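Contents: one structure, followed by commentary.
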Amino acid sequence: MGCQFYDTVEDVWVATERYTADGLFLLMPEQVHQCPQLEAALQRCLEQRLYCQDAEITLRLPVALLAQDAQFGTVGRMTHLTLHHTPRSLAILGEEPLIRRLQQNWLGELRHTSMGELLQRVLLSIIYSHERVARVLVERLQVLRMALKTAMGNTELRQIVALNRDLGELVIALRETGLILRNALRATPGESPVYPLLDAALREQRRIEDGVNLIHERYLAVTNAYNGIVQNNAHTVMKVMTVWLALLMMPIAFIMPWHMMTPLPLEHWHYLWFGLLAYVFGVTLLFARWARKHGFFSM
């Protein structure tokens, strides 16, 4: 996929060899060196995420996507989209899958659309990408929480931890987006036509960030609670196993002396074994009642 230019007359995307600073362009990182007008601004933006000069503004914003992982299934993935906006042009730089999605789904109807409106549309699409990914991750978390109740292994718990990590990365990316937009808003004159667009995008970013952050905190708390339950269950199982081991060892411990080659009291008593068995099981029963009274058998 080469550099794409939107022809407003024919209402189609056409391939072009270079950026002309007039119209809507879609580029990939390897094509930047062919655009000397963009290369300097994009290089500065790569270092500091934001570059403003006169009426030009360049933003490098994180975008959330869904990806398939062999171990964890559907997970969130972060990439970046760079926007270079001037009053007459908008250049969008990103990975090829992201550019294709942008071209097919995000930009929508382009005819009779100004560069400012396109900038706002792309900014909102970037912000909403985090909400879309968060919604999918939450659906997976709900399914995994139900599966965790009957799970016999750690697969579901590992996937939940991975999804919580992805939700945390979404929150970080949204905060980074908000910081970039706030700095861009400060650097933009109030009379600029881009100012209200950035302000609207910033308000929407705050709303999405609050929602995703709330979801992340909630599911992180739930995961911590599940981890605590698992640890308590493991402790309880070990406690019960220890008590049963002690109960099973008591008869052996009491009978062992009578198997030694040592003279013992009542060794030749006719009722020795009956008395010994009664003594052993009596002591074992008393110990079992004491353990039960103190909750050692409760799961």
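Residue names in the structure tokens use chain letters A, B, ... in the order shown, residue numbers from 1 in each chain, and ligand numbers from 1 in the order shown.
When DSSP is run on the backbone, the residues of range 69-124 of chain A that fall into strand (DSSP E) are Asp69, Gly73, Thr74, Val75, Gly76, Arg77, Met78, Thr79, His80, Leu81, Thr82, Leu83, His84, His85, Thr86, Ser89, Leu90, Ala91, Ile92 and Leu93 of chain A.
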Inset, instruction - Would you mind listing what lies within 9 Å of Thr74 in chain A as a PyMOL selection string, with only C-alpha atoms counted and same-chain residues fewer than 3 positions away left out? - result: chain A and resi 66-70+136-137+140+163
Legend entry - Selected residue of minimal separation from Glu96 in chain A among A:Ala225, A:Leu27, A:Leu118, A:Ala291, counting only C-alpha atoms: A:Leu27
Inset, instruction - Have a look at A:Leu286, A:Ala221, A:Leu174, A:Leu65 and name the one nearest to Ile208 in chain A; count only C-alpha atoms. - result: A:Leu174
Inset, instruction - Find the spatial neighbours of Phe25 in chain A, counting only C-alpha atoms, within a cut-off of 8 Å - ignore same-chain residues fewer than 4 positions away - and output them as a VMD selection string. - result: chain A and resid 3 to 6 19 89 to 92
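Considering only C-alpha atoms, the residue among A:Glu209, A:Glu217, A:Glu204, A:Asp54 positioned nearest to Arg121 in chain A is A:Glu204.
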Legend entry - Minimum-distance residue to Met146 in chain A, chosen among A:His80, A:Asn164, A:Val194, A:Tyr226 (using only C-alpha atoms):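 Of all the options, A:Tyr226 lies closest to Met146 in chain A.
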Inset, instruction - Choose the residue, out of A:Arg158, A:His130, A:Arg207, A:Arg292, that has the smallest atom-to-atom separation from Met78 in chain A; count only C-alpha atoms. - result: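 For Met78 in chain A, the nearest of the given residues is A:His130.
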Identify, on the basis of only C-alpha atoms, every residue whose closest approach to Asp210 in chain A does not exceed 12 Å; exclude the query and any residue fewer than 5 positions from it along the same chain; express the result as a PDB file with N, CA and C atoms, in the first residue's frame.
```pdb
ATOM      1  N   HIS A 130     -10.139   3.214  22.230  1.00  0.00           N
ATOM      2  CA  HIS A 130      -9.873   2.680  23.565  1.00  0.00           C
ATOM      3  C   HIS A 130     -11.161   2.162  24.208  1.00  0.00           C
ATOM      4  N   GLU A 131     -12.255   2.866  23.988  1.00  0.00           N
ATOM      5  CA  GLU A 131     -13.525   2.411  24.551  1.00  0.00           C
ATOM      6  C   GLU A 131     -13.974   1.107  23.894  1.00  0.00           C
ATOM      7  N   LEU A 170      -4.657   0.661  28.558  1.00  0.00           N
ATOM      8  CA  LEU A 170      -5.638   1.568  27.954  1.00  0.00           C
ATOM      9  C   LEU A 170      -5.756   2.855  28.764  1.00  0.00           C
ATOM     10  N   VAL A 171      -5.786   2.717  30.078  1.00  0.00           N
ATOM     11  CA  VAL A 171      -5.876   3.906  30.936  1.00  0.00           C
ATOM     12  C   VAL A 171      -4.647   4.794  30.740  1.00  0.00           C
ATOM     13  N   ILE A 172      -3.467   4.175  30.698  1.00  0.00           N
ATOM     14  CA  ILE A 172      -2.236   4.952  30.501  1.00  0.00           C
ATOM     15  C   ILE A 172      -2.257   5.658  29.150  1.00  0.00           C
ATOM     16  N   LEU A 174      -4.882   6.548  27.388  1.00  0.00           N
ATOM     17  CA  LEU A 174      -5.862   7.635  27.406  1.00  0.00           C
ATOM     18  C   LEU A 174      -5.323   8.854  28.155  1.00  0.00           C
ATOM     19  N   ARG A 175      -4.611   8.620  29.232  1.00  0.00           N
ATOM     20  CA  ARG A 175      -4.020   9.751  29.958  1.00  0.00           C
ATOM     21  C   ARG A 175      -2.952  10.436  29.116  1.00  0.00           C
ATOM     22  N   GLY A 178      -4.805  12.538  26.662  1.00  0.00           N
ATOM     23  CA  GLY A 178      -5.294  13.764  27.291  1.00  0.00           C
ATOM     24  C   GLY A 178      -4.199  14.785  27.509  1.00  0.00           C
ATOM     25  N   ARG A 203     -12.605  17.060  25.893  1.00  0.00           N
ATOM     26  CA  ARG A 203     -13.739  16.741  26.774  1.00  0.00           C
ATOM     27  C   ARG A 203     -14.176  15.293  26.597  1.00  0.00           C
ATOM     28  N   GLU A 204     -14.192  14.839  25.362  1.00  0.00           N
ATOM     29  CA  GLU A 204     -14.583  13.446  25.112  1.00  0.00           C
ATOM     30  C   GLU A 204     -13.532  12.480  25.664  1.00  0.00           C
ATOM     31  N   GLN A 205     -12.273  12.875  25.562  1.00  0.00           N
ATOM     32  CA  GLN A 205     -11.203  12.031  26.111  1.00  0.00           C
ATOM     33  C   GLN A 205     -11.355  11.876  27.620  1.00  0.00           C
ATOM     34  N   ILE A 215     -13.639   1.003  35.039  1.00  0.00           N
ATOM     35  CA  ILE A 215     -13.693  -0.424  34.701  1.00  0.00           C
ATOM     36  C   ILE A 215     -12.413  -1.129  35.151  1.00  0.00           C
ATOM     37  N   HIS A 216     -11.282  -0.489  34.889  1.00  0.00           N
ATOM     38  CA  HIS A 216     -10.001  -1.102  35.261  1.00  0.00           C
ATOM     39  C   HIS A 216      -9.900  -1.286  36.771  1.00  0.00           C
ATOM     40  N   GLU A 217     -10.266  -0.269  37.532  1.00  0.00           N
ATOM     41  CA  GLU A 217     -10.184  -0.377  38.988  1.00  0.00           C
ATOM     42  C   GLU A 217     -11.128  -1.457  39.513  1.00  0.00           C
TER      43      GLU A 217
END
```
Legend entry - Spatial neighbours of Ile229 in chain A, max dist 12 Å, only C-alpha atoms, sep filter under 6 positions, as a PyMOL selection string: chain A and resi 148-149+222-223+235-236+299
Legend entry - Point-to-point distance in Å for CA of Leu245 in chain A and CA of Ala288 in chain A: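 That distance, rounded to one decimal, is 11.4 Å.
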Inset, instruction - Identify which of the residues A:Val63, A:Leu141, A:Ile127, A:Met28 lies closest to Glu95 in chain A, counting only C-alpha atoms when measuring atom-to-atom distances. - result: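 Of A:Val63, A:Leu141, A:Ile127, A:Met28, the one nearest Glu95 in chain A is A:Met28, counting only C-alpha atoms.
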Inset, instruction - Give me, please, the distance in Å between CA of Met115 in chain A and CA of Ala134 in chain A, quoted to one decimal. - result: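 So the answer is 29.2 Å.
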